[in-house]
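K.L.:
Here it is, the structure in full.
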Amino acid sequence: MPSLNWIGKDAVVKHHKDVPFRLLEPVPELSCGDAGNGNLIVQGDNLHALKSLLPRYAGQVKCIYIDPPYNTGNEGWAYNDNVNSPEIRKWLGEVVGKEGETLDRHDRWLCMMYPRLVLLRQFLREDGAIFVSIDDNEVATLRLLMDEIFGAGNFVATVIWQKKQSPQSDAINLSDMHDYVISYARQAKQSRQDPRGWSRNLLPRGDVQDARFENLDSDPRGSWTSTDYTCNKTATERPNLYYAITNPNSGEEIWPSRTRVWAYEVDAHKKNMVEGRVWWGNNGRTRPRIKKYLAEVADGIVPSTWWTREFAGDNQESRRELRGIFGSDESAPDFSTPKPSSLIQRILQIATDKDSLILDSFAGSGTTGHAVLKQNAEDGGTRKFILVEMDGNIAKNVTAERVKRVSQGYTNARGDAVPGLSPAGGGFQFCTLSKEPLFTPQGQIRDDVAFAQLAEFVWFAETGSGYTPEALDSRLRGNDSFGMSPLLGKHAGRAIYLLYNGILKDKSVGGGNVLTGPVFDILPPFDGPKTIYAAACRLGAPRLQREQIVFKQTPYALAV
């Protein structure tokens with residue numbers, strides 16, 4: 001299989017492992033509504049943010065949508081347009097080294113994207129998928145990059161999205177009218193019958209599709225449309241489908257073409273005739289067609305890879321959308337290529353369930369959060385979003401502010417009151433990343449790390465999956481009175497315990513962070529294998545074996 005190589009690749013292929021885990025630090029004054037409802041906006045470098053989110057959300061995200069820099073070469077700093085920003089240059093210098101200062105812009109883009117895509121893949125559920133907006137500048141390299149990270153066999157589709165209504169009169173060559181949306185599954189289905197992996201949804205039927213159905217002959221089964229009675233097979237390939245059909249109105253014998261035979265065997269055709277499913281045209285003398293009834297078609301339509309602006313919006317619509325929300329607010333910059341919420345809504349309709357978790361690590365103007373709230377309002381869903389934005393000003397004044405306004409309601413540019421999409425359930429928690437990592441340079445756990453925070457990390461280290469919000473809500477809301485337990489949960493038949501920070505209300509050796517006989521005796525019982533994380537262990541090998549305990553010492557066993 002072809003592989004992709006570039007200057008700096010060796011430095012970034014495993015760089016995600018070197019990125020330290022940081023803590024999420026809530027900012028109540030920038031949060032909105034019910035901050036504990038599961039929606040999250042994180043301000044910080046998305047590489048560090050993704051690493052910090054893994055202990056909570058690994059393997060739990062149904063759909064990822066990202067709109068990374070397109071790398072057009074435009075030197076004017078625009079968040080969604082290039083990788084020549086001061087932040088990216090600084091990062092390249094630290095990770096790639098001296099040669100990072102002189103990298104070709106395509107090398108820079110690949111260095112930036114690789115570790116982020118590697119981390120994003122870890123968030124996906126087995127039935128999850130990622131969708132990436134891109135244009136012609138990097139679409140070819142992105143395909144090769146994602147083939148390497150996600151596996152070529154997990155490629156789903158390349159969507160062509162019409163981003164403009166009219167051609168550019170000042171185009172040097174041809175006027176580009178489209179962008180792409182590249183999609184890969186965490187695990188793609190290998191056949192229609194494959195029970196594993198990602199499955200696309202049908203898109204909602206609309207008036208345009210239903211208008212094709214009518215009832216020309218007052219059929220009691222209701223409205224119908226007619227389709228071709230032949231199939232794309234030859235008489236040589238399917239001789240049983242090459243036969244004469246008699247028109248019951250004229251008596252005429254009708255043969256199919258030898259290169260395109262009937263779609264139904266003789267017995268199936270006779271059944272169609274008996275059931276009145278064959279249409280012979282308004283005059284009763286045309287070639288046969290098969291009736292397809294509206295009542296019998298699927299509840300939706302199969303998504304295609306051609307998305308017109310009428311179907312999924314365009315850049316002009318998205319800019320109008322932003323101006324309508326922010327009006328003349330000078331704190332909201334004019335994004336040159338924002339995506340319309342209708343585009344991301346189409347992705348949500350295809351790739352999510354009503355209770356799915358959606359992640360966008362290049363959140364920008366907050367369109368993904370807006371689209372999630374819109375889709376929930378339309379179908380009664382409870383989808384949740386995680387948005388990550390690097391730029392502090394944009395995260396605060398655009399990403400979070402937009403989601404707040406469309407959720408709670410706002411006054412648009414014309415002065416009209418616009419009701420909120422989810423005034424009761426559309427809140428979010430706003431977080432920043434801790435300045436210091438979870439572990440000190442000496443490998444020790446920071447003194448200010450709470451039990452709940454370390455519990456997420458321990459669970460991820462032990463299982464490779466995110467600690468479920470349900471379990472977290474029931475036991476681990478910090479060191480307070482919410483009924484915390486050293487038993488974090490059970491995974492693959494094994495119970496996982498953590499002794500840390502006085503979880504047993506006593507930091508002494510006999511009752512705190514060290515696994516002793518008396519401590520073990522008061523742990524929540526589990527009849528089976530156990531993994532216990534603690535600062536030290538005083539139990540002898542015979543008892544560890546008898547109790548089916550695997551002891552892991554913190555912090556040394558927590559290298560991930």
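All residue names refer to the structure tokens as shown: chains lettered A, B, ... in order, residues numbered from 1 in each chain, ligands numbered from 1 in order.
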Running DSSP on the backbone, which parts of range 221-363 of chain A land in strand (DSSP E or B), as a PyMOL selection string?
P.N.:
chain A and resi 224-228+230+245-246+253-254+257+260+262+278-279+289-293+300-301+306-307+357-360
K.L.:
Would you export the selected residues with N, CA, C and O atoms as an mmCIF file, in the first residue's frame, please?
P.N.:
```cif
data_model
loop_
_atom_site.group_PDB
_atom_site.id
_atom_site.type_symbol
_atom_site.label_atom_id
_atom_site.label_comp_id
_atom_site.auth_asym_id
_atom_site.auth_seq_id
_atom_site.Cartn_x
_atom_site.Cartn_y
_atom_site.Cartn_z
ATOM 1 N N TRP A 224 -47.903 6.066 -5.303
ATOM 2 C CA TRP A 224 -46.811 5.238 -5.788
ATOM 3 C C TRP A 224 -46.038 5.992 -6.857
ATOM 4 O O TRP A 224 -46.486 7.001 -7.397
ATOM 5 N N THR A 225 -44.867 5.483 -7.170
ATOM 6 C CA THR A 225 -44.106 5.935 -8.323
ATOM 7 C C THR A 225 -43.671 4.691 -9.071
ATOM 8 O O THR A 225 -43.703 3.585 -8.515
ATOM 9 N N SER A 226 -43.286 4.825 -10.335
ATOM 10 C CA SER A 226 -42.887 3.647 -11.106
ATOM 11 C C SER A 226 -41.404 3.725 -11.454
ATOM 12 O O SER A 226 -40.856 4.802 -11.669
ATOM 13 N N THR A 227 -40.776 2.561 -11.487
ATOM 14 C CA THR A 227 -39.357 2.471 -11.828
ATOM 15 C C THR A 227 -39.143 1.413 -12.895
ATOM 16 O O THR A 227 -40.050 0.619 -13.205
ATOM 17 N N ASP A 228 -37.952 1.373 -13.433
ATOM 18 C CA ASP A 228 -37.594 0.487 -14.537
ATOM 19 C C ASP A 228 -37.857 -0.977 -14.182
ATOM 20 O O ASP A 228 -37.609 -1.415 -13.057
ATOM 21 N N THR A 230 -36.368 -3.420 -15.785
ATOM 22 C CA THR A 230 -35.193 -4.190 -16.215
ATOM 23 C C THR A 230 -34.054 -4.028 -15.219
ATOM 24 O O THR A 230 -34.118 -3.207 -14.295
ATOM 25 N N ILE A 245 -42.855 -10.795 -22.320
ATOM 26 C CA ILE A 245 -43.964 -10.406 -21.450
ATOM 27 C C ILE A 245 -45.113 -9.929 -22.332
ATOM 28 O O ILE A 245 -44.910 -9.184 -23.299
ATOM 29 N N THR A 246 -46.323 -10.371 -22.006
ATOM 30 C CA THR A 246 -47.492 -9.985 -22.796
ATOM 31 C C THR A 246 -48.223 -8.819 -22.141
ATOM 32 O O THR A 246 -48.579 -8.879 -20.954
ATOM 33 N N GLU A 253 -46.469 -8.880 -27.447
ATOM 34 C CA GLU A 253 -45.354 -9.521 -26.759
ATOM 35 C C GLU A 253 -44.184 -8.542 -26.692
ATOM 36 O O GLU A 253 -43.798 -7.967 -27.712
ATOM 37 N N ILE A 254 -43.649 -8.372 -25.502
ATOM 38 C CA ILE A 254 -42.565 -7.408 -25.314
ATOM 39 C C ILE A 254 -41.338 -8.156 -24.797
ATOM 40 O O ILE A 254 -41.416 -8.876 -23.792
ATOM 41 N N SER A 257 -34.115 -5.998 -23.891
ATOM 42 C CA SER A 257 -32.871 -5.998 -24.659
ATOM 43 C C SER A 257 -31.995 -7.148 -24.186
ATOM 44 O O SER A 257 -32.019 -7.528 -23.012
ATOM 45 N N ARG A 260 -29.860 -5.856 -21.488
ATOM 46 C CA ARG A 260 -30.503 -5.388 -20.259
ATOM 47 C C ARG A 260 -31.825 -6.138 -20.096
ATOM 48 O O ARG A 260 -32.849 -5.732 -20.648
ATOM 49 N N TRP A 262 -35.033 -8.413 -17.993
ATOM 50 C CA TRP A 262 -36.008 -8.091 -16.959
ATOM 51 C C TRP A 262 -35.385 -8.239 -15.566
ATOM 52 O O TRP A 262 -34.454 -9.030 -15.370
ATOM 53 N N VAL A 278 -47.758 -3.866 -11.788
ATOM 54 C CA VAL A 278 -47.133 -3.514 -13.067
ATOM 55 C C VAL A 278 -47.900 -2.351 -13.685
ATOM 56 O O VAL A 278 -49.129 -2.396 -13.830
ATOM 57 N N TRP A 279 -47.184 -1.318 -14.059
ATOM 58 C CA TRP A 279 -47.788 -0.110 -14.648
ATOM 59 C C TRP A 279 -47.472 -0.088 -16.137
ATOM 60 O O TRP A 279 -46.319 -0.198 -16.547
ATOM 61 N N ARG A 289 -43.483 -1.130 -16.187
ATOM 62 C CA ARG A 289 -42.709 -0.534 -15.097
ATOM 63 C C ARG A 289 -43.272 -1.076 -13.780
ATOM 64 O O ARG A 289 -44.445 -1.456 -13.721
ATOM 65 N N ILE A 290 -42.456 -1.114 -12.747
ATOM 66 C CA ILE A 290 -42.892 -1.659 -11.467
ATOM 67 C C ILE A 290 -43.308 -0.523 -10.542
ATOM 68 O O ILE A 290 -42.644 0.520 -10.469
ATOM 69 N N LYS A 291 -44.417 -0.698 -9.840
ATOM 70 C CA LYS A 291 -44.885 0.301 -8.898
ATOM 71 C C LYS A 291 -44.121 0.186 -7.572
ATOM 72 O O LYS A 291 -43.943 -0.923 -7.052
ATOM 73 N N LYS A 292 -43.703 1.310 -7.033
ATOM 74 C CA LYS A 292 -43.108 1.382 -5.700
ATOM 75 C C LYS A 292 -44.012 2.274 -4.854
ATOM 76 O O LYS A 292 -44.197 3.452 -5.169
ATOM 77 N N TYR A 293 -44.572 1.726 -3.797
ATOM 78 C CA TYR A 293 -45.561 2.455 -2.993
ATOM 79 C C TYR A 293 -44.893 3.256 -1.877
ATOM 80 O O TYR A 293 -43.949 2.780 -1.230
ATOM 81 N N GLY A 300 -36.550 6.758 5.272
ATOM 82 C CA GLY A 300 -35.633 7.804 4.857
ATOM 83 C C GLY A 300 -34.999 7.472 3.526
ATOM 84 O O GLY A 300 -35.370 6.506 2.858
ATOM 85 N N ILE A 301 -34.032 8.301 3.141
ATOM 86 C CA ILE A 301 -33.344 8.100 1.870
ATOM 87 C C ILE A 301 -31.867 7.843 2.125
ATOM 88 O O ILE A 301 -31.283 8.350 3.091
ATOM 89 N N TRP A 306 -23.004 13.639 -2.988
ATOM 90 C CA TRP A 306 -23.157 14.936 -3.667
ATOM 91 C C TRP A 306 -24.101 15.800 -2.852
ATOM 92 O O TRP A 306 -25.299 15.533 -2.780
ATOM 93 N N TRP A 307 -23.539 16.833 -2.184
ATOM 94 C CA TRP A 307 -24.318 17.689 -1.296
ATOM 95 C C TRP A 307 -24.388 19.096 -1.872
ATOM 96 O O TRP A 307 -23.401 19.845 -1.837
ATOM 97 N N LEU A 357 -22.649 11.249 21.604
ATOM 98 C CA LEU A 357 -21.667 12.256 21.991
ATOM 99 C C LEU A 357 -20.887 12.663 20.750
ATOM 100 O O LEU A 357 -20.410 11.812 19.996
ATOM 101 N N ILE A 358 -20.761 13.982 20.531
ATOM 102 C CA ILE A 358 -20.111 14.526 19.331
ATOM 103 C C ILE A 358 -18.922 15.371 19.755
ATOM 104 O O ILE A 358 -19.010 16.163 20.696
ATOM 105 N N LEU A 359 -17.803 15.224 19.053
ATOM 106 C CA LEU A 359 -16.563 15.937 19.381
ATOM 107 C C LEU A 359 -16.100 16.763 18.198
ATOM 108 O O LEU A 359 -16.085 16.284 17.062
ATOM 109 N N ASP A 360 -15.692 18.009 18.466
ATOM 110 C CA ASP A 360 -15.088 18.891 17.463
ATOM 111 C C ASP A 360 -13.890 19.556 18.114
ATOM 112 O O ASP A 360 -14.045 20.375 19.016
#
```
K.L.:
So, with only C-alpha atoms as the atoms that count, which of A:Asp170, A:Asp379, A:Asp107, A:Asp45 lies closest to Leu142 in chain A?
P.N.:
A:Asp107
K.L.:
I'd like the neighbourhood of Leu40 in chain A as a ChimeraX atom specification, where a residue qualifies if any of its atoms comes within 8 Å (using only C-alpha atoms), though same-chain residues fewer than 6 positions away should be ignored.
P.N.:
/A:385-387,428-431
K.L.:
Deliver the residues from the most recent selection as a file, using N, CA, C and O atoms, as a PDB file, in the first residue's frame.
P.N.:
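This went into out.pdb:
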```pdb
ATOM      1  N   PHE A 385     -22.216  17.629  23.192  1.00  0.00           N
ATOM      2  CA  PHE A 385     -21.052  18.036  22.404  1.00  0.00           C
ATOM      3  C   PHE A 385     -19.850  18.316  23.288  1.00  0.00           C
ATOM      4  O   PHE A 385     -19.981  18.699  24.451  1.00  0.00           O
ATOM      5  N   ILE A 386     -18.673  18.093  22.706  1.00  0.00           N
ATOM      6  CA  ILE A 386     -17.402  18.538  23.276  1.00  0.00           C
ATOM      7  C   ILE A 386     -16.738  19.396  22.215  1.00  0.00           C
ATOM      8  O   ILE A 386     -16.467  18.924  21.101  1.00  0.00           O
ATOM      9  N   LEU A 387     -16.491  20.657  22.532  1.00  0.00           N
ATOM     10  CA  LEU A 387     -15.853  21.587  21.596  1.00  0.00           C
ATOM     11  C   LEU A 387     -14.513  22.021  22.172  1.00  0.00           C
ATOM     12  O   LEU A 387     -14.422  22.357  23.352  1.00  0.00           O
ATOM     13  N   PHE A 428     -23.691  24.387  29.155  1.00  0.00           N
ATOM     14  CA  PHE A 428     -22.388  23.754  28.947  1.00  0.00           C
ATOM     15  C   PHE A 428     -21.442  24.194  30.049  1.00  0.00           C
ATOM     16  O   PHE A 428     -21.638  25.234  30.691  1.00  0.00           O
ATOM     17  N   GLN A 429     -20.411  23.395  30.257  1.00  0.00           N
ATOM     18  CA  GLN A 429     -19.331  23.767  31.160  1.00  0.00           C
ATOM     19  C   GLN A 429     -18.158  24.264  30.339  1.00  0.00           C
ATOM     20  O   GLN A 429     -17.763  23.632  29.352  1.00  0.00           O
ATOM     21  N   PHE A 430     -17.624  25.410  30.712  1.00  0.00           N
ATOM     22  CA  PHE A 430     -16.452  25.971  30.041  1.00  0.00           C
ATOM     23  C   PHE A 430     -15.223  25.648  30.888  1.00  0.00           C
ATOM     24  O   PHE A 430     -15.217  25.901  32.101  1.00  0.00           O
ATOM     25  N   CYS A 431     -14.201  25.088  30.270  1.00  0.00           N
ATOM     26  CA  CYS A 431     -12.983  24.716  30.993  1.00  0.00           C
ATOM     27  C   CYS A 431     -11.743  25.222  30.280  1.00  0.00           C
ATOM     28  O   CYS A 431     -11.736  25.389  29.059  1.00  0.00           O
TER      29      CYS A 431
END
```
K.L.:
In terms of the shortest atom-to-atom distance over only C-alpha atoms, which of A:Phe520, A:Arg56, A:Arg258, A:Lys164 is closest to Trp459 in chain A?
P.N.:
A:Arg56
K.L.:
Out of range 173-344 of chain A, which residues get helix (DSSP H, G or I) from DSSP, as an NGL selection string?
P.N.:
:A and (207-210 or 239-241 or 266-274 or 294-296 or 309-312 or 315-326 or 341-344)
K.L.:
Generate a file of the selected residues that holds N, CA and C atoms, formatted as a tab-separated table (two decimals), in the first residue's frame.
P.N.:
```tsv
chain	number	residue	atom	x	y	z
A	207	ASP	N	-40.50	16.80	1.51
A	207	ASP	CA	-41.59	17.01	0.55
A	207	ASP	C	-41.15	16.75	-0.88
A	208	VAL	N	-39.87	17.06	-1.18
A	208	VAL	CA	-39.36	16.87	-2.54
A	208	VAL	C	-39.40	15.39	-2.91
A	209	GLN	N	-38.93	14.53	-1.98
A	209	GLN	CA	-38.94	13.10	-2.26
A	209	GLN	C	-40.37	12.55	-2.34
A	210	ASP	N	-41.21	12.97	-1.41
A	210	ASP	CA	-42.58	12.44	-1.37
A	210	ASP	C	-43.42	12.94	-2.55
A	239	PRO	N	-29.97	-15.87	-18.34
A	239	PRO	CA	-30.94	-16.32	-19.37
A	239	PRO	C	-32.36	-16.48	-18.84
A	240	ASN	N	-32.49	-16.74	-17.53
A	240	ASN	CA	-33.83	-16.90	-16.97
A	240	ASN	C	-34.61	-15.59	-16.88
A	241	LEU	N	-33.92	-14.48	-17.09
A	241	LEU	CA	-34.58	-13.17	-17.07
A	241	LEU	C	-34.84	-12.63	-18.49
A	266	VAL	N	-39.86	-15.25	-14.18
A	266	VAL	CA	-41.22	-15.43	-14.69
A	266	VAL	C	-42.24	-15.50	-13.56
A	267	ASP	N	-41.96	-16.30	-12.53
A	267	ASP	CA	-42.92	-16.44	-11.43
A	267	ASP	C	-43.11	-15.12	-10.67
A	268	ALA	N	-42.00	-14.40	-10.48
A	268	ALA	CA	-42.10	-13.11	-9.78
A	268	ALA	C	-42.90	-12.12	-10.60
A	269	HIS	N	-42.74	-12.17	-11.96
A	269	HIS	CA	-43.53	-11.28	-12.82
A	269	HIS	C	-45.02	-11.60	-12.73
A	270	LYS	N	-45.33	-12.91	-12.73
A	270	LYS	CA	-46.73	-13.30	-12.62
A	270	LYS	C	-47.34	-12.80	-11.32
A	271	LYS	N	-46.57	-12.87	-10.24
A	271	LYS	CA	-47.04	-12.39	-8.93
A	271	LYS	C	-47.27	-10.87	-8.98
A	272	ASN	N	-46.36	-10.14	-9.63
A	272	ASN	CA	-46.53	-8.69	-9.77
A	272	ASN	C	-47.81	-8.36	-10.53
A	273	MET	N	-48.10	-9.16	-11.55
A	273	MET	CA	-49.31	-8.93	-12.34
A	273	MET	C	-50.56	-9.18	-11.50
A	274	VAL	N	-50.58	-10.27	-10.78
A	274	VAL	CA	-51.74	-10.60	-9.95
A	274	VAL	C	-51.99	-9.52	-8.91
A	294	LEU	N	-45.40	4.44	-1.66
A	294	LEU	CA	-44.88	5.30	-0.60
A	294	LEU	C	-44.97	4.61	0.75
A	295	ALA	N	-46.05	3.87	0.97
A	295	ALA	CA	-46.24	3.20	2.26
A	295	ALA	C	-45.23	2.09	2.49
A	296	GLU	N	-44.56	1.64	1.40
A	296	GLU	CA	-43.63	0.52	1.53
A	296	GLU	C	-42.17	0.93	1.49
A	309	ARG	N	-25.87	23.06	-2.21
A	309	ARG	CA	-26.07	24.12	-1.23
A	309	ARG	C	-27.52	24.13	-0.73
A	310	GLU	N	-28.46	23.68	-1.55
A	310	GLU	CA	-29.85	23.59	-1.10
A	310	GLU	C	-30.00	22.49	-0.05
A	311	PHE	N	-29.15	21.48	-0.14
A	311	PHE	CA	-29.22	20.34	0.77
A	311	PHE	C	-28.46	20.58	2.06
A	312	ALA	N	-27.30	21.24	1.97
A	312	ALA	CA	-26.42	21.37	3.14
A	312	ALA	C	-25.87	22.77	3.34
A	315	ASN	N	-21.18	28.64	2.16
A	315	ASN	CA	-20.43	29.60	2.97
A	315	ASN	C	-21.19	30.91	3.16
A	316	GLN	N	-21.93	31.31	2.15
A	316	GLN	CA	-22.69	32.55	2.27
A	316	GLN	C	-23.75	32.42	3.36
A	317	GLU	N	-24.41	31.29	3.39
A	317	GLU	CA	-25.41	31.05	4.42
A	317	GLU	C	-24.78	31.06	5.81
A	318	SER	N	-23.59	30.47	5.93
A	318	SER	CA	-22.95	30.39	7.25
A	318	SER	C	-22.54	31.77	7.75
A	319	ARG	N	-22.10	32.62	6.85
A	319	ARG	CA	-21.73	33.98	7.28
A	319	ARG	C	-22.98	34.78	7.67
A	320	ARG	N	-24.07	34.59	6.94
A	320	ARG	CA	-25.32	35.23	7.33
A	320	ARG	C	-25.77	34.73	8.69
A	321	GLU	N	-25.58	33.46	8.92
A	321	GLU	CA	-25.96	32.84	10.18
A	321	GLU	C	-25.21	33.49	11.34
A	322	LEU	N	-23.89	33.66	11.17
A	322	LEU	CA	-23.08	34.29	12.22
A	322	LEU	C	-23.47	35.73	12.44
A	323	ARG	N	-23.67	36.47	11.34
A	323	ARG	CA	-24.04	37.89	11.47
A	323	ARG	C	-25.40	38.02	12.15
A	324	GLY	N	-26.29	37.09	11.87
A	324	GLY	CA	-27.61	37.15	12.49
A	324	GLY	C	-27.54	36.95	13.99
A	325	ILE	N	-26.59	36.12	14.44
A	325	ILE	CA	-26.45	35.84	15.87
A	325	ILE	C	-25.73	36.96	16.59
A	326	PHE	N	-24.66	37.48	15.97
A	326	PHE	CA	-23.81	38.47	16.65
A	326	PHE	C	-24.11	39.91	16.25
A	341	SER	N	-24.48	25.57	9.84
A	341	SER	CA	-24.95	24.55	10.77
A	341	SER	C	-25.70	23.44	10.03
A	342	SER	N	-26.29	23.78	8.88
A	342	SER	CA	-27.03	22.77	8.11
A	342	SER	C	-26.10	21.70	7.56
A	343	LEU	N	-24.85	22.04	7.24
A	343	LEU	CA	-23.88	21.05	6.78
A	343	LEU	C	-23.60	20.03	7.88
A	344	ILE	N	-23.33	20.52	9.08
A	344	ILE	CA	-23.01	19.60	10.17
A	344	ILE	C	-24.26	18.86	10.62
```
K.L.:
Got a sec: who's within 10 Å of Phe155 in chain A, counting only C-alpha atoms, leaving out chain neighbours fewer than 2 positions off, as an mmCIF file with N, CA and C atoms, in the first residue's frame?
P.N.:
```cif
data_model
loop_
_atom_site.group_PDB
_atom_site.id
_atom_site.type_symbol
_atom_site.label_atom_id
_atom_site.label_comp_id
_atom_site.auth_asym_id
_atom_site.auth_seq_id
_atom_site.Cartn_x
_atom_site.Cartn_y
_atom_site.Cartn_z
ATOM 1 N N ALA A 129 -17.582 7.290 13.785
ATOM 2 C CA ALA A 129 -16.962 7.736 12.532
ATOM 3 C C ALA A 129 -16.492 9.172 12.672
ATOM 4 N N ILE A 130 -15.507 9.528 11.845
ATOM 5 C CA ILE A 130 -14.960 10.885 11.830
ATOM 6 C C ILE A 130 -15.210 11.502 10.458
ATOM 7 N N ARG A 143 -6.134 12.029 2.620
ATOM 8 C CA ARG A 143 -6.569 10.653 2.381
ATOM 9 C C ARG A 143 -5.463 9.665 2.754
ATOM 10 N N MET A 146 -5.013 9.616 6.595
ATOM 11 C CA MET A 146 -6.065 8.902 7.306
ATOM 12 C C MET A 146 -6.067 7.406 6.976
ATOM 13 N N ASP A 147 -5.634 7.048 5.768
ATOM 14 C CA ASP A 147 -5.438 5.629 5.459
ATOM 15 C C ASP A 147 -4.451 5.010 6.438
ATOM 16 N N PHE A 150 -6.257 5.470 10.301
ATOM 17 C CA PHE A 150 -7.534 4.791 10.515
ATOM 18 C C PHE A 150 -7.636 3.464 9.779
ATOM 19 N N GLY A 151 -6.772 3.253 8.783
ATOM 20 C CA GLY A 151 -6.835 2.045 7.976
ATOM 21 C C GLY A 151 -7.613 2.276 6.699
ATOM 22 N N ALA A 152 -6.997 1.928 5.566
ATOM 23 C CA ALA A 152 -7.650 2.179 4.277
ATOM 24 C C ALA A 152 -8.994 1.468 4.178
ATOM 25 N N GLY A 153 -9.116 0.318 4.834
ATOM 26 C CA GLY A 153 -10.362 -0.435 4.786
ATOM 27 C C GLY A 153 -11.495 0.216 5.542
ATOM 28 N N ALA A 157 -16.328 7.487 2.704
ATOM 29 C CA ALA A 157 -16.733 8.240 1.520
ATOM 30 C C ALA A 157 -16.013 9.583 1.471
ATOM 31 N N THR A 158 -15.978 10.145 0.268
ATOM 32 C CA THR A 158 -15.590 11.538 0.066
ATOM 33 C C THR A 158 -16.822 12.288 -0.420
ATOM 34 N N ILE A 182 -14.257 14.319 4.146
ATOM 35 C CA ILE A 182 -13.694 12.973 4.122
ATOM 36 C C ILE A 182 -14.177 12.224 5.364
ATOM 37 N N SER A 183 -14.628 10.995 5.184
ATOM 38 C CA SER A 183 -15.168 10.238 6.313
ATOM 39 C C SER A 183 -14.508 8.868 6.426
ATOM 40 N N TYR A 184 -14.127 8.516 7.658
ATOM 41 C CA TYR A 184 -13.597 7.195 7.993
ATOM 42 C C TYR A 184 -14.341 6.670 9.216
ATOM 43 N N ALA A 185 -14.570 5.374 9.247
ATOM 44 C CA ALA A 185 -15.172 4.732 10.403
ATOM 45 C C ALA A 185 -14.076 4.199 11.319
ATOM 46 N N ARG A 186 -14.398 4.097 12.611
ATOM 47 C CA ARG A 186 -13.475 3.418 13.536
ATOM 48 C C ARG A 186 -13.331 1.969 13.114
ATOM 49 N N GLN A 187 -14.446 1.379 12.717
ATOM 50 C CA GLN A 187 -14.449 0.037 12.150
ATOM 51 C C GLN A 187 -15.572 -0.032 11.138
ATOM 52 N N ALA A 188 -15.219 -0.113 9.881
ATOM 53 C CA ALA A 188 -16.228 -0.113 8.825
ATOM 54 C C ALA A 188 -16.829 -1.507 8.667
#
```
K.L.:
Please identify all polymer residues within 10 Å of Arg200 in chain A, counting only C-alpha atoms, omitting same-chain residues fewer than 4 positions from it, and present them as a PyMOL selection string.
P.N.:
chain A and resi 127-129+156+302-303+347+349-352
